[in-house]
$ cat entry-v5.cif   # mmCIF, C-alpha atoms
data_data
#
loop_
_atom_site.group_PDB
_atom_site.id
_atom_site.type_symbol
_atom_site.label_atom_id
_atom_site.label_comp_id
_atom_site.auth_asym_id
_atom_site.auth_seq_id
_atom_site.Cartn_x
_atom_site.Cartn_y
_atom_site.Cartn_z
ATOM 1 C CA MET A 1 -9.294 12.285 1.245
ATOM 2 C CA ILE A 2 -10.195 8.621 0.872
ATOM 3 C CA GLY A 3 -13.818 7.589 1.242
ATOM 4 C CA ALA A 4 -14.791 3.968 1.872
ATOM 5 C CA VAL A 5 -18.088 2.703 0.451
ATOM 6 C CA VAL A 6 -19.378 -0.478 2.100
ATOM 7 C CA VAL A 7 -22.428 -2.165 0.566
ATOM 8 C CA LEU A 8 -24.579 -4.073 3.055
ATOM 9 C CA TYR A 9 -27.170 -6.827 2.692
ATOM 10 C CA ARG A 10 -28.370 -8.574 5.867
ATOM 11 C CA PRO A 11 -24.868 -8.253 7.341
ATOM 12 C CA ASP A 12 -23.285 -10.370 10.061
ATOM 13 C CA LEU A 13 -22.484 -7.645 12.589
ATOM 14 C CA ALA A 14 -19.298 -9.150 14.087
ATOM 15 C CA PRO A 15 -17.174 -9.102 10.898
ATOM 16 C CA LEU A 16 -18.819 -5.835 9.875
ATOM 17 C CA GLU A 17 -17.707 -4.239 13.150
ATOM 18 C CA ARG A 18 -14.126 -5.405 12.546
ATOM 19 C CA LEU A 19 -14.190 -4.040 8.999
ATOM 20 C CA LEU A 20 -15.571 -0.655 10.025
ATOM 21 C CA THR A 21 -13.060 -0.344 12.879
ATOM 22 C CA SER A 22 -10.181 -0.885 10.434
ATOM 23 C CA LEU A 23 -11.722 1.633 8.027
ATOM 24 C CA GLY A 24 -11.796 4.209 10.801
ATOM 25 C CA GLU A 25 -8.024 3.774 11.066
ATOM 26 C CA GLN A 26 -7.216 3.674 7.331
ATOM 27 C CA THR A 27 -9.676 6.033 5.591
ATOM 28 C CA ASP A 28 -11.057 9.548 6.052
ATOM 29 C CA LYS A 29 -14.764 8.922 5.470
ATOM 30 C CA VAL A 30 -16.987 5.828 5.672
ATOM 31 C CA VAL A 31 -20.304 5.446 3.836
ATOM 32 C CA ALA A 32 -22.431 2.350 4.480
ATOM 33 C CA VAL A 33 -25.180 1.793 1.888
ATOM 34 C CA ASP A 34 -27.712 -0.779 3.034
ATOM 35 C CA ASN A 35 -29.589 -2.951 0.523
ATOM 36 C CA THR A 36 -31.379 -4.891 3.268
ATOM 37 C CA PRO A 37 -35.175 -4.806 2.728
ATOM 38 C CA GLY A 38 -37.312 -3.339 5.486
ATOM 39 C CA PRO A 39 -36.846 -0.765 8.259
ATOM 40 C CA PRO A 40 -33.272 -0.052 9.408
ATOM 41 C CA GLU A 41 -33.764 0.224 13.202
ATOM 42 C CA LYS A 42 -31.252 -2.514 14.156
ATOM 43 C CA LEU A 43 -28.397 -1.171 12.055
ATOM 44 C CA SER A 44 -29.124 2.473 12.870
ATOM 45 C CA THR A 45 -28.260 1.841 16.524
ATOM 46 C CA PHE A 46 -25.308 -0.407 15.575
ATOM 47 C CA PHE A 47 -23.452 2.489 13.942
ATOM 48 C CA GLU A 48 -23.725 4.601 17.108
ATOM 49 C CA ARG A 49 -21.017 2.504 18.836
ATOM 50 C CA PHE A 50 -18.205 3.876 16.656
ATOM 51 C CA SER A 51 -16.106 6.854 17.711
ATOM 52 C CA PHE A 52 -15.887 8.155 14.145
ATOM 53 C CA CYS A 53 -18.730 9.264 11.893
ATOM 54 C CA ILE A 54 -20.286 6.749 9.504
ATOM 55 C CA SER A 55 -22.764 7.952 6.903
ATOM 56 C CA TYR A 56 -25.456 5.276 6.941
ATOM 57 C CA ILE A 57 -27.804 5.199 3.941
ATOM 58 C CA PRO A 58 -30.588 2.599 4.248
ATOM 59 C CA LEU A 59 -32.318 1.986 0.910
ATOM 60 C CA GLY A 60 -35.196 -0.070 2.359
ATOM 61 C CA GLU A 61 -34.949 -2.576 -0.499
ATOM 62 C CA ASN A 62 -32.348 -4.431 -2.512
ATOM 63 C CA LYS A 63 -31.441 -2.099 -5.368
ATOM 64 C CA GLY A 64 -28.404 -4.138 -6.407
ATOM 65 C CA ILE A 65 -24.720 -3.732 -5.697
ATOM 66 C CA ALA A 66 -24.077 -1.340 -8.594
ATOM 67 C CA GLU A 67 -26.690 1.235 -7.585
ATOM 68 C CA ALA A 68 -25.604 1.001 -3.933
ATOM 69 C CA GLN A 69 -21.987 1.583 -4.967
ATOM 70 C CA ASN A 70 -23.002 4.563 -7.081
ATOM 71 C CA ILE A 71 -24.945 6.093 -4.188
ATOM 72 C CA GLY A 72 -21.942 5.669 -1.891
ATOM 73 C CA ILE A 73 -19.528 7.033 -4.487
ATOM 74 C CA ARG A 74 -21.619 10.181 -4.967
ATOM 75 C CA GLU A 75 -21.840 10.663 -1.197
ATOM 76 C CA SER A 76 -18.060 10.320 -0.838
ATOM 77 C CA VAL A 77 -17.143 12.583 -3.747
ATOM 78 C CA SER A 78 -19.644 15.266 -2.717
ATOM 79 C CA GLY A 79 -17.974 15.182 0.712
ATOM 80 C CA GLY A 80 -14.624 16.084 -0.831
ATOM 81 C CA CYS A 81 -13.026 12.652 -1.311
ATOM 82 C CA SER A 82 -10.450 12.350 -4.099
ATOM 83 C CA HIS A 83 -10.461 8.540 -3.944
ATOM 84 C CA VAL A 84 -13.141 5.909 -3.296
ATOM 85 C CA LEU A 85 -12.481 2.500 -1.753
ATOM 86 C CA LEU A 86 -15.205 -0.039 -2.629
ATOM 87 C CA LEU A 87 -15.876 -2.865 -0.175
ATOM 88 C CA ASP A 88 -18.187 -5.789 0.462
ATOM 89 C CA GLN A 89 -19.444 -6.263 4.013
ATOM 90 C CA ASP A 90 -17.463 -9.488 4.557
ATOM 91 C CA SER A 91 -14.058 -8.197 3.484
ATOM 92 C CA ALA A 92 -11.279 -7.691 6.028
ATOM 93 C CA LEU A 93 -8.451 -5.221 5.455
ATOM 94 C CA GLY A 94 -4.841 -6.152 6.143
ATOM 95 C CA PRO A 95 -2.563 -3.754 8.061
ATOM 96 C CA GLY A 96 -1.777 -0.649 6.025
ATOM 97 C CA MET A 97 -3.687 -1.928 2.991
ATOM 98 C CA VAL A 98 -5.046 1.459 1.984
ATOM 99 C CA SER A 99 -1.750 3.329 2.374
ATOM 100 C CA LYS A 100 0.057 0.655 0.298
ATOM 101 C CA LEU A 101 -2.507 0.977 -2.483
ATOM 102 C CA ILE A 102 -2.304 4.765 -2.505
ATOM 103 C CA ALA A 103 1.518 4.666 -2.531
ATOM 104 C CA ALA A 104 1.518 2.244 -5.475
ATOM 105 C CA GLU A 105 -0.947 4.391 -7.402
ATOM 106 C CA SER A 106 1.168 7.483 -6.759
ATOM 107 C CA GLU A 107 4.287 5.778 -8.163
ATOM 108 C CA LEU A 108 2.377 4.586 -11.232
ATOM 109 C CA LEU A 109 1.057 8.074 -11.912
ATOM 110 C CA LYS A 110 4.570 9.518 -11.567
ATOM 111 C CA VAL A 111 5.806 7.354 -14.437
ATOM 112 C CA GLY A 112 2.855 8.287 -16.630
ATOM 113 C CA SER A 113 0.549 5.270 -16.206
ATOM 114 C CA SER A 114 -3.146 5.891 -16.760
ATOM 115 C CA VAL A 115 -4.440 4.114 -13.651
ATOM 116 C CA ALA A 116 -8.047 2.961 -13.568
ATOM 117 C CA ALA A 117 -7.922 1.290 -10.150
ATOM 118 C CA VAL A 118 -5.538 -0.384 -7.730
ATOM 119 C CA GLY A 119 -6.507 -3.369 -5.606
ATOM 120 C CA PRO A 120 -4.985 -5.758 -3.072
ATOM 121 C CA ARG A 121 -3.961 -9.394 -3.217
ATOM 122 C CA TYR A 122 -6.788 -11.145 -1.396
ATOM 123 C CA ILE A 123 -7.171 -14.509 0.288
ATOM 124 C CA ASP A 124 -10.472 -16.381 0.019
ATOM 125 C CA LYS A 125 -11.779 -16.844 3.574
ATOM 126 C CA LYS A 126 -13.343 -20.234 2.837
ATOM 127 C CA THR A 127 -10.560 -21.907 0.876
ATOM 128 C CA GLY A 128 -7.390 -19.967 1.718
ATOM 129 C CA THR A 129 -6.797 -19.538 -2.021
ATOM 130 C CA PRO A 130 -4.905 -16.352 -2.968
ATOM 131 C CA SER A 131 -5.986 -14.117 -5.805
ATOM 132 C CA TYR A 132 -3.980 -13.566 -8.977
ATOM 133 C CA ALA A 133 -3.663 -11.123 -11.836
ATOM 134 C CA ILE A 134 -5.920 -12.000 -14.773
ATOM 135 C CA HIS A 135 -5.024 -11.785 -18.458
ATOM 136 C CA ARG A 136 -7.650 -13.186 -20.805
ATOM 137 C CA GLY A 137 -6.722 -14.873 -24.047
ATOM 138 C CA TRP A 138 -9.064 -15.962 -26.832
ATOM 139 C CA LEU A 139 -9.779 -19.301 -25.178
ATOM 140 C CA LEU A 140 -8.157 -19.331 -21.753
ATOM 141 C CA VAL A 141 -7.607 -17.066 -18.774
ATOM 142 C CA HIS A 142 -3.927 -16.643 -17.922
ATOM 143 C CA ARG A 143 -3.392 -16.246 -14.180
ATOM 144 C CA SER A 144 -0.246 -14.588 -12.827
ATOM 145 C CA SER A 145 0.645 -15.344 -9.216
ATOM 146 C CA LEU A 146 1.316 -12.429 -6.881
ATOM 147 C CA ASP A 147 4.295 -12.367 -4.519
ATOM 148 C CA PRO A 148 3.071 -11.024 -1.141
ATOM 149 C CA ARG A 149 6.609 -9.767 -0.399
ATOM 150 C CA SER A 150 6.554 -7.434 -3.415
ATOM 151 C CA SER A 151 5.157 -3.913 -3.531
ATOM 152 C CA GLU A 152 5.558 -3.758 -7.319
ATOM 153 C CA PRO A 153 2.122 -3.293 -8.966
ATOM 154 C CA VAL A 154 1.081 -6.024 -11.411
ATOM 155 C CA GLU A 155 -1.199 -5.133 -14.305
ATOM 156 C CA THR A 156 -4.452 -7.100 -14.558
ATOM 157 C CA ASP A 157 -7.376 -6.960 -16.986
ATOM 158 C CA ASN A 158 -9.717 -5.987 -14.162
ATOM 159 C CA LEU A 159 -10.146 -6.181 -10.392
ATOM 160 C CA ILE A 160 -12.925 -7.365 -8.135
ATOM 161 C CA ALA A 161 -14.758 -4.352 -6.730
ATOM 162 C CA SER A 162 -14.070 -5.094 -3.069
ATOM 163 C CA GLY A 163 -10.744 -3.583 -2.075
ATOM 164 C CA SER A 164 -10.410 -1.466 -5.222
ATOM 165 C CA ILE A 165 -9.442 2.182 -4.921
ATOM 166 C CA ILE A 166 -10.543 4.478 -7.750
ATOM 167 C CA ARG A 167 -9.866 8.195 -8.169
ATOM 168 C CA ALA A 168 -12.899 10.459 -8.485
ATOM 169 C CA ALA A 169 -11.382 11.908 -11.675
ATOM 170 C CA VAL A 170 -11.283 8.426 -13.248
ATOM 171 C CA LEU A 171 -14.922 7.799 -12.350
ATOM 172 C CA GLN A 172 -15.808 11.092 -14.004
ATOM 173 C CA SER A 173 -13.952 10.027 -17.162
ATOM 174 C CA VAL A 174 -14.997 6.358 -17.343
ATOM 175 C CA GLY A 175 -18.438 6.674 -15.781
ATOM 176 C CA MET A 176 -20.158 5.008 -12.845
ATOM 177 C CA MET A 177 -21.107 1.360 -12.307
ATOM 178 C CA ARG A 178 -23.888 0.036 -14.553
ATOM 179 C CA ASP A 179 -26.833 -0.324 -12.186
ATOM 180 C CA ASP A 180 -28.934 -2.182 -14.781
ATOM 181 C CA LEU A 181 -26.611 -5.191 -14.324
ATOM 182 C CA PHE A 182 -27.749 -5.251 -10.665
ATOM 183 C CA ILE A 183 -25.063 -7.734 -9.540
ATOM 184 C CA ASP A 184 -22.415 -9.948 -11.190
ATOM 185 C CA PHE A 185 -19.936 -8.732 -13.807
ATOM 186 C CA VAL A 186 -20.456 -5.133 -12.596
ATOM 187 C CA ASP A 187 -16.756 -4.801 -11.718
ATOM 188 C CA THR A 188 -15.667 -6.697 -14.851
ATOM 189 C CA GLU A 189 -17.714 -4.403 -17.103
ATOM 190 C CA TRP A 190 -16.362 -1.251 -15.422
ATOM 191 C CA GLY A 191 -12.753 -2.465 -15.537
ATOM 192 C CA LEU A 192 -12.897 -3.391 -19.213
ATOM 193 C CA ARG A 193 -14.766 -0.178 -20.057
ATOM 194 C CA ALA A 194 -11.923 1.720 -18.379
ATOM 195 C CA ARG A 195 -9.417 -0.381 -20.316
ATOM 196 C CA SER A 196 -11.152 0.508 -23.589
ATOM 197 C CA LYS A 197 -10.596 4.181 -22.700
ATOM 198 C CA GLY A 198 -6.858 3.694 -22.178
ATOM 199 C CA TYR A 199 -6.769 3.063 -18.413
ATOM 200 C CA LYS A 200 -5.103 0.110 -16.681
ATOM 201 C CA SER A 201 -5.888 -1.734 -13.441
ATOM 202 C CA TYR A 202 -3.213 -3.039 -11.070
ATOM 203 C CA CYS A 203 -2.894 -5.523 -8.206
ATOM 204 C CA VAL A 204 -0.538 -4.518 -5.397
ATOM 205 C CA PRO A 205 0.784 -7.820 -3.975
ATOM 206 C CA ASP A 206 1.859 -6.664 -0.502
ATOM 207 C CA ALA A 207 -1.491 -4.955 0.116
ATOM 208 C CA MET A 208 -3.538 -7.756 1.689
ATOM 209 C CA MET A 209 -7.250 -8.401 2.219
ATOM 210 C CA ALA A 210 -9.412 -11.368 3.224
ATOM 211 C CA HIS A 211 -12.573 -11.815 1.192
ATOM 212 C CA SER A 212 -15.395 -14.326 0.691
ATOM 213 C CA THR A 213 -16.101 -15.512 -2.852
ATOM 214 C CA GLY A 214 -19.472 -17.218 -3.318
ATOM 215 C CA ASP A 215 -21.689 -18.733 -0.647
ATOM 216 C CA ALA A 216 -19.493 -21.857 -0.350
ATOM 217 C CA ALA A 217 -16.803 -23.748 -2.255
ATOM 218 C CA ILE A 218 -16.379 -27.385 -3.245
ATOM 219 C CA LYS A 219 -13.824 -29.375 -5.260
ATOM 220 C CA LEU A 220 -14.883 -30.969 -8.555
ATOM 221 C CA PHE A 221 -12.355 -32.681 -10.867
ATOM 222 C CA GLY A 222 -9.620 -30.886 -8.960
ATOM 223 C CA LYS A 223 -11.109 -27.450 -9.685
ATOM 224 C CA GLU A 224 -12.366 -25.024 -7.097
ATOM 225 C CA ILE A 225 -16.089 -24.484 -7.612
ATOM 226 C CA TYR A 226 -17.981 -21.652 -5.947
ATOM 227 C CA VAL A 227 -21.580 -22.212 -4.902
ATOM 228 C CA HIS A 228 -24.197 -19.536 -5.593
ATOM 229 C CA SER A 229 -27.980 -19.322 -5.396
ATOM 230 C CA ASP A 230 -30.317 -19.751 -8.374
ATOM 231 C CA LEU A 231 -30.764 -16.003 -8.461
ATOM 232 C CA ARG A 232 -27.024 -15.328 -8.635
ATOM 233 C CA ARG A 233 -26.666 -17.936 -11.404
ATOM 234 C CA TYR A 234 -29.358 -16.106 -13.346
ATOM 235 C CA TYR A 235 -27.513 -12.799 -13.059
ATOM 236 C CA LYS A 236 -24.138 -14.318 -13.972
ATOM 237 C CA LEU A 237 -25.473 -15.979 -17.106
ATOM 238 C CA ARG A 238 -27.799 -13.157 -18.160
ATOM 239 C CA ASN A 239 -25.171 -10.468 -17.716
ATOM 240 C CA ALA A 240 -22.434 -12.477 -19.438
ATOM 241 C CA MET A 241 -24.742 -12.993 -22.415
ATOM 242 C CA TYR A 242 -25.652 -9.305 -22.536
ATOM 243 C CA LEU A 243 -22.071 -8.057 -22.206
ATOM 244 C CA LEU A 244 -21.050 -10.008 -25.304
ATOM 245 C CA ARG A 245 -22.816 -7.239 -27.242
ATOM 246 C CA LEU A 246 -20.600 -4.440 -25.910
ATOM 247 C CA PRO A 247 -17.475 -3.456 -27.908
ATOM 248 C CA SER A 248 -15.899 -2.075 -24.722
ATOM 249 C CA MET A 249 -15.551 -5.634 -23.366
ATOM 250 C CA GLY A 250 -12.935 -6.425 -26.013
ATOM 251 C CA TRP A 251 -12.622 -9.411 -28.346
ATOM 252 C CA GLN A 252 -10.528 -11.496 -25.978
ATOM 253 C CA TRP A 253 -13.077 -11.316 -23.142
ATOM 254 C CA ARG A 254 -15.872 -12.075 -25.590
ATOM 255 C CA GLY A 255 -13.967 -14.984 -27.115
ATOM 256 C CA TYR A 256 -13.312 -16.470 -23.672
ATOM 257 C CA THR A 257 -16.915 -15.922 -22.548
ATOM 258 C CA LEU A 258 -18.354 -17.577 -25.645
ATOM 259 C CA ARG A 259 -16.500 -20.696 -24.512
ATOM 260 C CA TRP A 260 -17.387 -20.219 -20.840
ATOM 261 C CA ILE A 261 -21.187 -19.979 -21.355
ATOM 262 C CA PRO A 262 -21.761 -23.536 -22.713
ATOM 263 C CA TYR A 263 -19.291 -24.897 -20.139
ATOM 264 C CA TYR A 264 -21.239 -23.159 -17.380
ATOM 265 C CA LEU A 265 -24.570 -24.418 -18.722
ATOM 266 C CA LEU A 266 -23.515 -28.041 -19.097
ATOM 267 C CA LEU A 267 -21.826 -28.341 -15.723
ATOM 268 C CA ASN A 268 -24.731 -26.714 -13.887
ATOM 269 C CA LEU A 269 -27.233 -28.996 -15.625
ATOM 270 C CA TRP A 270 -25.089 -32.065 -14.971
ATOM 271 C CA THR A 271 -24.879 -31.337 -11.220
ATOM 272 C CA SER A 272 -28.534 -30.293 -10.879
ATOM 273 C CA ASN A 273 -31.158 -32.443 -9.149
ATOM 274 C CA HIS A 274 -33.904 -30.672 -11.133
ATOM 275 C CA LYS A 275 -32.576 -30.708 -14.681
ATOM 276 C CA LEU A 276 -35.769 -29.728 -16.525
ATOM 277 C CA ARG A 277 -36.564 -26.844 -14.204
ATOM 278 C CA ASN A 278 -32.999 -25.592 -14.282
ATOM 279 C CA ALA A 279 -32.789 -25.920 -18.062
ATOM 280 C CA ARG A 280 -35.804 -23.570 -18.340
ATOM 281 C CA PHE A 281 -34.234 -21.226 -15.811
ATOM 282 C CA LEU A 282 -30.863 -21.076 -17.580
ATOM 283 C CA LEU A 283 -32.468 -20.617 -20.982
ATOM 284 C CA LYS A 284 -34.493 -17.741 -19.511
ATOM 285 C CA ALA A 285 -31.255 -16.100 -18.364
ATOM 286 C CA LEU A 286 -29.727 -16.478 -21.838
ATOM 287 C CA TRP A 287 -32.837 -15.112 -23.527
ATOM 288 C CA ASP A 288 -33.065 -12.101 -21.224
ATOM 289 C CA GLY A 289 -29.390 -11.343 -21.804
ATOM 290 C CA LEU A 290 -29.780 -11.654 -25.560
ATOM 291 C CA LEU A 291 -32.741 -9.251 -25.543
ATOM 292 C CA GLY A 292 -31.116 -6.843 -23.086
ATOM 293 C CA ARG A 293 -33.722 -7.375 -20.367
ATOM 294 C CA LEU A 294 -31.695 -6.106 -17.440
ATOM 295 C CA GLY A 295 -32.419 -4.814 -13.943
ATOM 296 C CA PRO A 296 -33.850 -6.779 -10.983
ATOM 297 C CA ALA A 297 -34.867 -10.323 -11.906
ATOM 298 C CA GLN A 298 -36.878 -11.626 -8.942
ATOM 299 C CA VAL A 299 -40.339 -11.146 -10.481
ATOM 300 C CA ARG A 300 -39.399 -12.985 -13.677
ATOM 301 C CA LEU A 301 -37.815 -15.863 -11.740
ATOM 302 C CA GLU A 302 -40.918 -16.327 -9.609
ATOM 303 C CA THR A 303 -42.876 -17.026 -12.791
ATOM 304 C CA LEU A 304 -40.583 -20.051 -13.276
ATOM 305 C CA GLY A 305 -41.207 -21.277 -9.740
ATOM 306 C CA LEU A 306 -37.696 -20.257 -8.635
ATOM 307 C CA SER A 307 -36.414 -18.154 -5.795
ATOM 308 C CA GLY A 308 -33.067 -16.824 -4.635
ATOM 309 C CA ASP A 309 -32.611 -19.551 -2.033
ATOM 310 C CA LYS A 310 -31.577 -22.701 -3.928
ATOM 311 C CA SER A 311 -27.872 -23.573 -3.986
ATOM 312 C CA SER A 312 -26.088 -24.113 -7.283
ATOM 313 C CA LEU A 313 -22.627 -24.109 -8.777
ATOM 314 C CA SER A 314 -20.635 -21.312 -10.356
ATOM 315 C CA PHE A 315 -17.765 -22.181 -12.684
ATOM 316 C CA GLY A 316 -15.326 -19.632 -13.997
ATOM 317 C CA GLU A 317 -12.666 -17.262 -12.708
ATOM 318 C CA GLY A 318 -13.268 -17.749 -9.002
ATOM 319 C CA ARG A 319 -15.972 -15.127 -8.878
#
$ encode --input "entry-v5.cif" --output "structure tokens"
Amino acid sequence: MIGAVVVLYRPDLAPLERLLTSLGEQTDKVVAVDNTPGPPEKLSTFFERFSFCISYIPLGENKGIAEAQNIGIRESVSGGCSHVLLLDQDSALGPGMVSKLIAAESELLKVGSSVAAVGPRYIDKKTGTPSYAIHRGWLLVHRSSLDPRSSEPVETDNLIASGSIIRAAVLQSVGMMRDDLFIDFVDTEWGLRARSKGYKSYCVPDAMMAHSTGDAAIKLFGKEIYVHSDLRRYYKLRNAMYLLRLPSMGWQWRGYTLRWIPYYLLLNLWTSNHKLRNARFLLKALWDGLLGRLGPAQVRLETLGLSGDKSSLSFGEGR
């Protein structure tokens, strides 16, 4: 059985309805874990329109993507699912995506591969940019293009969470998502932790998905730049700084990230209209990461006069 775990946060109901309808056709069980603060009356009635059963778990507050994923995973596995499909609320599955991923995993297992997760080739909804397989070097990220006509799995250092299928047995071996990261680098940390235990992740090029990366995208010096809020920038920088401490991340990821952090800082400060305020904010993120101050960040950011609503730029691997 394949259980789909969809994490919600103030969802747009039209694309969510399309996603859930496709999940009803491609999976055996659907669990929707809702991080939206407040009472769930609106969404509770929304799920009644579907002909198949959806387990709706409203958390009443934003507990972060990792904890919501873990709650959904436990619900799926306790219901007898052998595989878990992780999804964001704005993803859209291509025809037969799940069956193509499962078939690719089955072939890999037959030839003795230790599979951590399999995931689709996805297209960014805002830019039309296709995803690629990632191989990190000491200084640069090497991107391998994916041929949508091929069903041959392509190894990658790690996958984005949305669209990834993971066996319950692998989760038991590798462990669950780190909920103290809250959001950002949760999938990267899990994928590289699995890699450190001898597992490999694979993209399946002919399995297709549409997905939104960031709140918006702009072009700067010919590079695609994804726009995130102040709060997301805090999590990206804090978590990257913290993860440098973990041996499971590997020397190549750490070498690349040591170069990425100053690049990220300088470009965000250069494009900021409030350089002094944002310098304090970014230094706070670095300091918290260095000290291992993890978990939800909103209270600490409010002490700097920041909120989660300001737009800002995210530079890196298209995440």
$ resolve_selection --input "entry-v5.cif" --expression "the PyMOL selection byres ((chain A and resi 245-252) around 7)" --output "JSON, numbers by chain"
{"A": [136, 137, 138, 189, 192, 193, 196, 242, 243, 244, 253, 254, 255, 256]}
$ residues_around --input "entry-v5.cif" --residues "Lys200 of chain A" --least-positions-apart "2" --cutoff "10 Å" --atoms "all atoms listed in the file" --output "VMD selection string"
chain A and resid 113 to 118 155 to 158 191 to 192 194 to 198 202
$ write_last_selection --input "entry-v5.cif" --atoms "C-alpha atoms" --output "PDB file, in the coordinates of the input"
ATOM      1  CA  SER A 113       0.549   5.270 -16.206  1.00  0.00           C
ATOM      2  CA  SER A 114      -3.146   5.891 -16.760  1.00  0.00           C
ATOM      3  CA  VAL A 115      -4.440   4.114 -13.651  1.00  0.00           C
ATOM      4  CA  ALA A 116      -8.047   2.961 -13.568  1.00  0.00           C
ATOM      5  CA  ALA A 117      -7.922   1.290 -10.150  1.00  0.00           C
ATOM      6  CA  VAL A 118      -5.538  -0.384  -7.730  1.00  0.00           C
ATOM      7  CA  GLU A 155      -1.199  -5.133 -14.305  1.00  0.00           C
ATOM      8  CA  THR A 156      -4.452  -7.100 -14.558  1.00  0.00           C
ATOM      9  CA  ASP A 157      -7.376  -6.960 -16.986  1.00  0.00           C
ATOM     10  CA  ASN A 158      -9.717  -5.987 -14.162  1.00  0.00           C
ATOM     11  CA  GLY A 191     -12.753  -2.465 -15.537  1.00  0.00           C
ATOM     12  CA  LEU A 192     -12.897  -3.391 -19.213  1.00  0.00           C
ATOM     13  CA  ALA A 194     -11.923   1.720 -18.379  1.00  0.00           C
ATOM     14  CA  ARG A 195      -9.417  -0.381 -20.316  1.00  0.00           C
ATOM     15  CA  SER A 196     -11.152   0.508 -23.589  1.00  0.00           C
ATOM     16  CA  LYS A 197     -10.596   4.181 -22.700  1.00  0.00           C
ATOM     17  CA  GLY A 198      -6.858   3.694 -22.178  1.00  0.00           C
ATOM     18  CA  TYR A 202      -3.213  -3.039 -11.070  1.00  0.00           C
TER      19      TYR A 202
END
$ resolve_selection --input "entry-v5.cif" --expression "the PyMOL selection byres ((chain A and resi 236) around 9)" --output "PyMOL selection string"
chain A and resi 183-185+231-235+237-241+285+314
$ atom_distance --input "entry-v5.cif" --atom1 "atom CA of Asn278 of chain A" --atom2 "atom CA of Glu61 of chain A"
26.9 Å
$ residues_near_point --input "entry-v5.cif" --point "(-25.2, -0.5, -14.1)" --cutoff "7 Å" --atoms "all atoms listed in the file" --output "ChimeraX atom specification"
/A:66-67,177-182,186
$ resolve_selection --input "entry-v5.cif" --expression "the PyMOL selection byres ((chain A and resi 203) around 8)" --output "ChimeraX atom specification"
/A:118-121,133,153-156,159,201-202,204-205
$ closest_residue --input "entry-v5.cif" --among "A:Asn268, A:Thr21, A:Thr127, A:Thr36" --to "Ala4 of chain A" --atoms "only C-alpha atoms"
A:Thr21
$ residues_around --input "entry-v5.cif" --residues "Arg18 of chain A" --least-positions-apart "2" --cutoff "10 Å" --atoms "only C-alpha atoms" --output "PyMOL selection string"
chain A and resi 13-16+20-23+90-93
$ closest_residue --input "entry-v5.cif" --among "A:Gln89, A:Ser151, A:His274, A:Ala161" --to "Asp12 of chain A" --atoms "all atoms listed in the file"
A:Gln89
$ atom_distance --input "entry-v5.cif" --atom1 "atom CA of Ala279 of chain A" --atom2 "atom CA of Leu258 of chain A"
18.3 Å
$ decode --input "entry-v5.cif" --residues "segment 40-48 of chain A" --atoms "N, CA, C and O atoms" --output "short mmCIF file (atom, residue, chain, number, x, y, z; two decimals), in the first residue's frame"
data_model
loop_
_atom_site.label_atom_id
_atom_site.label_comp_id
_atom_site.auth_asym_id
_atom_site.auth_seq_id
_atom_site.Cartn_x
_atom_site.Cartn_y
_atom_site.Cartn_z
N PRO A 40 -10.28 24.43 12.31
CA PRO A 40 -10.23 23.85 10.97
C PRO A 40 -11.57 23.74 10.25
O PRO A 40 -11.69 22.95 9.32
N GLU A 41 -12.60 24.51 10.66
CA GLU A 41 -13.95 24.29 10.14
C GLU A 41 -14.01 24.29 8.62
O GLU A 41 -14.62 23.42 7.99
N LYS A 42 -13.35 25.26 7.96
CA LYS A 42 -13.44 25.39 6.50
C LYS A 42 -12.91 24.16 5.79
O LYS A 42 -13.54 23.62 4.88
N LEU A 43 -11.74 23.68 6.22
CA LEU A 43 -11.14 22.54 5.54
C LEU A 43 -11.84 21.23 5.91
O LEU A 43 -11.87 20.30 5.11
N SER A 44 -12.38 21.15 7.11
CA SER A 44 -13.09 19.92 7.51
C SER A 44 -14.22 19.62 6.54
O SER A 44 -14.41 18.47 6.12
N THR A 45 -14.98 20.62 6.15
CA THR A 45 -16.08 20.41 5.21
C THR A 45 -15.55 20.20 3.78
O THR A 45 -16.16 19.49 3.00
N PHE A 46 -14.42 20.81 3.45
CA PHE A 46 -13.84 20.66 2.12
C PHE A 46 -13.55 19.20 1.82
O PHE A 46 -13.80 18.73 0.70
N PHE A 47 -13.05 18.45 2.77
CA PHE A 47 -12.65 17.06 2.51
C PHE A 47 -13.86 16.14 2.33
O PHE A 47 -13.71 15.02 1.85
N GLU A 48 -15.04 16.60 2.70
CA GLU A 48 -16.24 15.77 2.57
C GLU A 48 -16.66 15.58 1.12
O GLU A 48 -17.45 14.68 0.82
#
